[in-house]
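Please read the structure below before turning to the comments.
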Amino acid sequence: MSAVSETVVRRTIQIAELPAPTGREQGRAELVRSWWESDGLDDVRTDHVGNVWGRVREGTGSVVIVCAHLDTVFGDDVAHTVRVQGDTLVGPSVGDDSVGLAALSAVGPVLPAGRIGVWVLATVGEEGLGNLAGVNAALDHAPGSVAALIAVEGNYLGRVSTVGVGSVRRRVLLRGPGGHAWESADAPSAIHELSRLVTSIVDLDRPSGTTLNVGRLGGGEGINMRAREAWCELDLRGDDPERLASLAREVNAYVAGVGPGFIVEQEDLGDRPAGRIDAEHPLVLAAQQALGELGTPAVSPPTSTDANAAHVRGVPAIAVGITTGSGEHTTSEWIDTGPIDGGVRTLARTIELFEELSA
């Protein structure tokens with residue numbers, strides 16, 4: 001194992017064992033900042049939303065931002081233990097996105113000089129209901145004109161994701177009169193009506209390239225009571241903004257058609273914009289060529305990452321990886337340590353080739 005791989009593996013274990021649910025990323029942010037300061041990066045700082053910045057190469061104009069996210073889908077109640085099994089690391093968040101964070105500053109030493117400045121960025125708010133708060137704030141206050149953004153998702157090696165899957169998330173709450181389960185058996189039940197609503201929207205004919213999920217639901221006050229309240233949380237997704245908007249309109253029509261006797265409230269839980277980069281853009285071609293030099297064929301599945309925030313702003317963006325693995329968003333998530341050195345060098349090579357191809 002190379003010195004680069006040893007450092008990245010050690011740091012991956014260290015940061016993966018720190019819980020960082022969305023909104024509580026401070027511990028990881030402090031650790032990343034300490035790494036980058038010890039690595040000698042320039043202008044290391046924590047911004048107003050909790051992102052950590054560091055410059056790995058000075059430039060003379062525009063900048064490339066290479067980012068990985070600090071937060072995970074796991075709460076403090078989950079044991080954050082990493083197991084080393086030969087050439088594999090197993091544990092919550094090792095691939096999504098601990099190894100991505102651990103690898104960011106390793107790009108600097110293998111990156112040749114160039115005219116475009118290169119910054120690394122550890123973002124908050126990428127998972128769950130974070131609504132891309134970190135990367136949006138970063139792009140609002142970027143250290144220069146952004147020529148490209150590369151989102152690093154640890155176990156994506158071999159992917160060059162050019163399509164950002166958008167999402168529309170809503171909480172729907174029904175309120176009704178309720179009543180006794182026997183004496184008021186004809187009173188409207190919020191749970192019954194919500195059940196009809198959920199069944200209807202799950203069965204609707206969705207536009208192609210979209211999905212719909214009812215992630216959570218609840219309500220009721222007792223087994224012998226007609227429910228006064230019931231709620232559900234919806235996650236609509238699509239790889240095209242217009243088709244996603246069409247699905248949202250269809251769902252809204254069903255919600256508006258809830259039976260009489262109910263008050264309907266909708267709460268916006270956050271939207272993530274859909275978007276894409278042209279498949280022939282120099283950034284895409286650079287990443288594909290860099291993977292080809294590694295001997296790894298490139299694939300381009302739609303994904304949902306920090307790159308989404310760049311797509312909607314017209315900033316060229318892709319999502320790539322550092323190594324291989326699977327099981328993300330589970331406690332048995334795993335990554336291979338063998339490809340890490342090649343993954344770091346491929347990321348650096350992508351930046352180098354992008355500068356050449358866009359000159």
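By order in the structure tokens, chains are A, B, ...; within a chain, residues start at 1; ligands start at 1, following the order shown.
Non-sequential neighbours of region 271-273 of chain A (distance at most 9 Å, separation of 6 or more positions within a chain, only C-alpha atoms) are A:Leu129, A:Asn131, A:Leu132, A:Gly164, A:Val165, A:Gly166, A:Ser167, A:Val168, A:Arg169, A:Arg170, A:Arg237, A:Pro241, A:Ser304, A:Asn308, A:Ala309, A:His311, A:Val312.
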Tell me, as an MDAnalysis selection string, which residues lie within 10 Å of Ala290 (chain A), counting only C-alpha atoms; anything in the same chain fewer than 5 positions away does not count. chainID A and resid 284:285 295:298 343 345:354
Just list the residues in region 95-231 of chain A DSSP gives strand (DSSP E or B) on the backbone, as a PyMOL selection string. chain A and resi 117-123+146-152+156+159+161+163-164+166-175+179-180+210-219+225-226+229-231
Within 9 Å of region 211-218 of chain A, counting only C-alpha atoms, which residues show up once you throw out same-chain ones fewer than 3 positions away? Write them as an NGL selection string, please. :A and (191 or 198 or 201-202 or 206-208 or 229-238 or 244 or 247)
Those selected residues, please, written with all heavy atoms and delivered as a short mmCIF file (atom, residue, chain, number, x, y, z; two decimals), in the first residue's frame.
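See result.cif below for the written result:
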data_model
loop_
_atom_site.label_atom_id
_atom_site.label_comp_id
_atom_site.auth_asym_id
_atom_site.auth_seq_id
_atom_site.Cartn_x
_atom_site.Cartn_y
_atom_site.Cartn_z
N ILE A 191 -56.90 8.97 9.31
CA ILE A 191 -56.07 7.83 8.89
C ILE A 191 -56.69 7.14 7.68
O ILE A 191 -55.99 6.79 6.72
CB ILE A 191 -55.86 6.84 10.05
CG1 ILE A 191 -54.87 7.43 11.05
CG2 ILE A 191 -55.37 5.49 9.53
CD1 ILE A 191 -54.57 6.53 12.22
N VAL A 198 -52.69 8.02 -0.04
CA VAL A 198 -51.41 7.35 -0.31
C VAL A 198 -51.56 6.31 -1.40
O VAL A 198 -50.74 6.22 -2.33
CB VAL A 198 -50.84 6.73 0.99
CG1 VAL A 198 -49.69 5.78 0.67
CG2 VAL A 198 -50.38 7.82 1.94
N ILE A 201 -51.88 8.09 -4.87
CA ILE A 201 -50.69 8.70 -5.46
C ILE A 201 -49.61 7.67 -5.77
O ILE A 201 -48.85 7.83 -6.73
CB ILE A 201 -50.13 9.84 -4.58
CG1 ILE A 201 -49.68 9.33 -3.22
CG2 ILE A 201 -51.15 10.95 -4.45
CD1 ILE A 201 -49.06 10.40 -2.35
N VAL A 202 -49.57 6.59 -4.98
CA VAL A 202 -48.59 5.54 -5.28
C VAL A 202 -48.94 4.84 -6.59
O VAL A 202 -48.04 4.43 -7.35
CB VAL A 202 -48.52 4.52 -4.12
CG1 VAL A 202 -47.76 3.26 -4.54
CG2 VAL A 202 -47.85 5.16 -2.91
N ARG A 206 -46.94 7.76 -13.43
CA ARG A 206 -45.91 8.79 -13.31
C ARG A 206 -45.21 9.05 -14.65
O ARG A 206 -45.08 8.15 -15.47
CB ARG A 206 -44.85 8.38 -12.30
CG ARG A 206 -45.37 8.16 -10.89
CD ARG A 206 -44.21 7.94 -9.93
NE ARG A 206 -43.33 6.88 -10.38
CZ ARG A 206 -43.49 5.60 -10.11
NH1 ARG A 206 -44.54 5.21 -9.41
NH2 ARG A 206 -42.63 4.70 -10.54
N PRO A 207 -44.71 10.27 -14.84
CA PRO A 207 -43.88 10.55 -16.01
C PRO A 207 -42.63 9.68 -15.99
O PRO A 207 -42.13 9.32 -14.91
CB PRO A 207 -43.52 12.04 -15.85
CG PRO A 207 -44.55 12.60 -14.92
CD PRO A 207 -44.93 11.48 -14.01
N SER A 208 -42.11 9.33 -17.15
CA SER A 208 -40.89 8.53 -17.20
C SER A 208 -39.75 9.28 -16.55
O SER A 208 -39.69 10.51 -16.55
CB SER A 208 -40.54 8.21 -18.66
OG SER A 208 -40.25 9.40 -19.37
N GLU A 229 -56.00 13.38 13.30
CA GLU A 229 -54.86 13.80 12.50
C GLU A 229 -54.14 12.60 11.91
O GLU A 229 -54.09 11.53 12.53
CB GLU A 229 -53.85 14.60 13.33
CG GLU A 229 -54.32 15.95 13.77
CD GLU A 229 -53.19 16.75 14.42
OE1 GLU A 229 -52.06 16.22 14.55
OE2 GLU A 229 -53.44 17.90 14.80
N ALA A 230 -53.59 12.79 10.74
CA ALA A 230 -52.71 11.79 10.10
C ALA A 230 -51.80 12.52 9.13
O ALA A 230 -52.19 13.54 8.55
CB ALA A 230 -53.52 10.71 9.39
N TRP A 231 -50.60 12.00 8.95
CA TRP A 231 -49.63 12.69 8.10
C TRP A 231 -48.76 11.67 7.35
O TRP A 231 -48.65 10.50 7.75
CB TRP A 231 -48.73 13.61 8.93
CG TRP A 231 -48.00 12.88 10.03
CD1 TRP A 231 -48.42 12.68 11.31
CD2 TRP A 231 -46.73 12.21 9.93
NE1 TRP A 231 -47.51 11.93 12.02
CE2 TRP A 231 -46.45 11.64 11.19
CE3 TRP A 231 -45.81 12.05 8.90
CZ2 TRP A 231 -45.28 10.92 11.44
CZ3 TRP A 231 -44.65 11.32 9.14
CH2 TRP A 231 -44.39 10.77 10.40
N CYS A 232 -48.19 12.15 6.27
CA CYS A 232 -47.21 11.33 5.55
C CYS A 232 -46.16 12.26 4.96
O CYS A 232 -46.38 13.46 4.79
CB CYS A 232 -47.86 10.50 4.44
SG CYS A 232 -48.54 11.45 3.07
N GLU A 233 -44.99 11.69 4.67
CA GLU A 233 -43.91 12.44 4.04
C GLU A 233 -43.59 11.83 2.69
O GLU A 233 -43.39 10.62 2.57
CB GLU A 233 -42.66 12.45 4.94
CG GLU A 233 -42.89 13.28 6.19
CD GLU A 233 -41.71 13.30 7.14
OE1 GLU A 233 -40.76 12.53 6.93
OE2 GLU A 233 -41.76 14.09 8.11
N LEU A 234 -43.55 12.69 1.68
CA LEU A 234 -43.40 12.27 0.30
C LEU A 234 -42.04 12.69 -0.25
O LEU A 234 -41.57 13.80 0.02
CB LEU A 234 -44.49 12.89 -0.58
CG LEU A 234 -45.94 12.71 -0.12
CD1 LEU A 234 -46.87 13.47 -1.06
CD2 LEU A 234 -46.30 11.25 -0.07
N ASP A 235 -41.45 11.81 -1.02
CA ASP A 235 -40.18 12.10 -1.70
C ASP A 235 -40.39 11.81 -3.17
O ASP A 235 -40.46 10.65 -3.59
CB ASP A 235 -39.08 11.22 -1.11
CG ASP A 235 -37.71 11.47 -1.75
OD1 ASP A 235 -37.55 12.51 -2.40
OD2 ASP A 235 -36.82 10.61 -1.59
N LEU A 236 -40.51 12.86 -3.97
CA LEU A 236 -40.66 12.73 -5.42
C LEU A 236 -39.30 12.99 -6.05
O LEU A 236 -38.62 13.96 -5.69
CB LEU A 236 -41.68 13.74 -5.96
CG LEU A 236 -42.97 13.96 -5.16
CD1 LEU A 236 -43.84 14.99 -5.87
CD2 LEU A 236 -43.69 12.66 -4.95
N ARG A 237 -38.91 12.16 -7.01
CA ARG A 237 -37.61 12.32 -7.64
C ARG A 237 -37.72 12.23 -9.16
O ARG A 237 -38.62 11.57 -9.69
CB ARG A 237 -36.62 11.27 -7.15
CG ARG A 237 -36.35 11.36 -5.66
CD ARG A 237 -35.09 10.66 -5.25
NE ARG A 237 -34.85 10.77 -3.83
CZ ARG A 237 -33.67 10.70 -3.26
NH1 ARG A 237 -32.59 10.51 -4.01
NH2 ARG A 237 -33.54 10.81 -1.96
N GLY A 238 -36.78 12.91 -9.83
CA GLY A 238 -36.77 12.87 -11.28
C GLY A 238 -35.44 13.37 -11.81
O GLY A 238 -34.76 14.17 -11.18
N LEU A 244 -40.17 16.22 -13.33
CA LEU A 244 -40.32 16.24 -11.87
C LEU A 244 -41.42 17.23 -11.48
O LEU A 244 -42.26 16.94 -10.62
CB LEU A 244 -39.00 16.62 -11.22
CG LEU A 244 -39.00 16.71 -9.69
CD1 LEU A 244 -39.43 15.40 -9.05
CD2 LEU A 244 -37.61 17.12 -9.18
N LEU A 247 -44.80 15.69 -12.15
CA LEU A 247 -45.19 14.73 -11.10
C LEU A 247 -45.68 15.47 -9.87
O LEU A 247 -46.70 15.08 -9.26
CB LEU A 247 -44.01 13.84 -10.76
CG LEU A 247 -44.21 12.86 -9.59
CD1 LEU A 247 -45.34 11.88 -9.89
CD2 LEU A 247 -42.92 12.11 -9.29
#
Got a sec to tell me which of region 46-267 of chain A DSSP assigns to helix (DSSP H, G or I), as a ChimeraX atom specification? /A:94-110,128-130,133-140,190-202,241-256
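Distances to Arg228 (chain A) were evaluated for A:Leu291, A:Ala103, A:Ala190, A:Ile263 using only C-alpha atoms, and the minimum falls at A:Ala190.
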Counting only C-alpha atoms, what is within 9 Å of Glu333 (chain A), bar same-chain residues fewer than 5 positions away, as JSON, numbers by chain? {"A": [89, 90, 91, 92, 93, 94, 95, 96, 325, 326, 327, 328]}
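Near Val160 (chain A), within 6 Å and counting only C-alpha atoms, sit Ser300, Ala319 and Val320 of chain A, not including residues fewer than 6 positions from it in the same chain.
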Quick one: write out the picked residues with N, CA, C and O atoms as a PDB file, in the first residue's frame?
ATOM      1  N   SER A 300     -22.128   6.287 -16.476  1.00  0.00           N
ATOM      2  CA  SER A 300     -22.720   7.586 -16.117  1.00  0.00           C
ATOM      3  C   SER A 300     -24.149   7.441 -15.614  1.00  0.00           C
ATOM      4  O   SER A 300     -25.096   7.918 -16.249  1.00  0.00           O
ATOM      5  N   ALA A 319     -20.063  14.083 -10.667  1.00  0.00           N
ATOM      6  CA  ALA A 319     -19.778  13.342  -9.434  1.00  0.00           C
ATOM      7  C   ALA A 319     -18.911  12.150  -9.800  1.00  0.00           C
ATOM      8  O   ALA A 319     -19.206  11.422 -10.753  1.00  0.00           O
ATOM      9  N   VAL A 320     -17.835  11.965  -9.044  1.00  0.00           N
ATOM     10  CA  VAL A 320     -16.891  10.870  -9.290  1.00  0.00           C
ATOM     11  C   VAL A 320     -16.543  10.224  -7.958  1.00  0.00           C
ATOM     12  O   VAL A 320     -17.024  10.630  -6.904  1.00  0.00           O
TER      13      VAL A 320
END
Can you check which parts of region 69-112 of chain A lie within 9 Å of region 37-44 of chain A? Per residue, the shortest pair of atoms and distance in Å to one decimal, counting only C-alpha atoms, sorted by chain and number, as a Markdown table.
| residue | atom | partner | partner_atom | distance |
| --- | --- | --- | --- | --- |
| A:Ser105 | CA | A:Asp39 | CA | 7.6 |
| A:Ala106 | CA | A:Asp39 | CA | 8.9 |
| A:Gly108 | CA | A:Leu41 | CA | 8.5 |
Given the selection you just returned, output its residues as a file containing N, CA, C and O atoms, formatted as a PDB file, in the first residue's frame.
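Result went into selection-v4.pdb, see below:
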ATOM      1  N   SER A 105      -7.448  16.208   0.344  1.00  0.00           N
ATOM      2  CA  SER A 105      -6.180  16.927   0.353  1.00  0.00           C
ATOM      3  C   SER A 105      -5.046  16.124  -0.263  1.00  0.00           C
ATOM      4  O   SER A 105      -3.991  16.685  -0.591  1.00  0.00           O
ATOM      5  N   ALA A 106      -5.250  14.814  -0.445  1.00  0.00           N
ATOM      6  CA  ALA A 106      -4.221  13.985  -1.073  1.00  0.00           C
ATOM      7  C   ALA A 106      -4.046  14.326  -2.547  1.00  0.00           C
ATOM      8  O   ALA A 106      -3.041  13.957  -3.161  1.00  0.00           O
ATOM      9  N   GLY A 108      -3.592  17.323  -3.774  1.00  0.00           N
ATOM     10  CA  GLY A 108      -2.630  18.401  -3.938  1.00  0.00           C
ATOM     11  C   GLY A 108      -1.229  17.956  -4.347  1.00  0.00           C
ATOM     12  O   GLY A 108      -0.679  18.460  -5.343  1.00  0.00           O
TER      13      GLY A 108
END
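The residue set within 10 Å of Pro188 (chain A), counting only C-alpha atoms and dropping same-chain residues fewer than 2 places from it, reads Arg175, Gly176, Pro177, Gly178, Gly179, Ser184, Ala185, Asp186, Ala190, Ile191, His192, Glu193, Arg226, Ala227, Arg228, Gly259, Pro260, Gly261 and Phe262 of chain A.
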From the options A:Leu173, A:Ala274, A:Leu197, A:Val84, which residue's atoms come nearest to Ala310 (chain A), counting only C-alpha atoms? A:Ala274
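Distance annotation: of A:Ala147, A:Ala256, A:Ile335, A:Val315, the residue with the minimal separation from Val82 (chain A) is A:Ile335; atom set is only C-alpha atoms.
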Per-residue nearest contacts of region 31-78 of chain A to region 118-123 of chain A (9 Å; only C-alpha atoms) as a Markdown table:
| residue | atom | partner | partner_atom | distance |
| --- | --- | --- | --- | --- |
| A:Val32 | CA | A:Ala122 | CA | 7.7 |
| A:Val49 | CA | A:Thr123 | CA | 8.9 |
| A:Gly50 | CA | A:Thr123 | CA | 7.5 |
| A:Asn51 | CA | A:Thr123 | CA | 4.7 |
| A:Val52 | CA | A:Ala122 | CA | 5.0 |
| A:Trp53 | CA | A:Leu121 | CA | 4.7 |
| A:Gly54 | CA | A:Val120 | CA | 5.3 |
| A:Arg55 | CA | A:Trp119 | CA | 4.3 |
| A:Val56 | CA | A:Trp119 | CA | 5.7 |
| A:Arg57 | CA | A:Val118 | CA | 5.0 |
| A:Glu58 | CA | A:Val118 | CA | 6.6 |
| A:Gly59 | CA | A:Val118 | CA | 7.3 |
| A:Ser62 | CA | A:Val118 | CA | 8.9 |
| A:Val63 | CA | A:Val118 | CA | 5.6 |
| A:Val64 | CA | A:Val118 | CA | 4.8 |
| A:Ile65 | CA | A:Trp119 | CA | 5.0 |
| A:Val66 | CA | A:Val120 | CA | 4.8 |
| A:Cys67 | CA | A:Leu121 | CA | 4.5 |
| A:Ala68 | CA | A:Ala122 | CA | 5.2 |
| A:His69 | CA | A:Thr123 | CA | 4.5 |
| A:Leu70 | CA | A:Thr123 | CA | 5.6 |
| A:Asp71 | CA | A:Thr123 | CA | 7.9 |
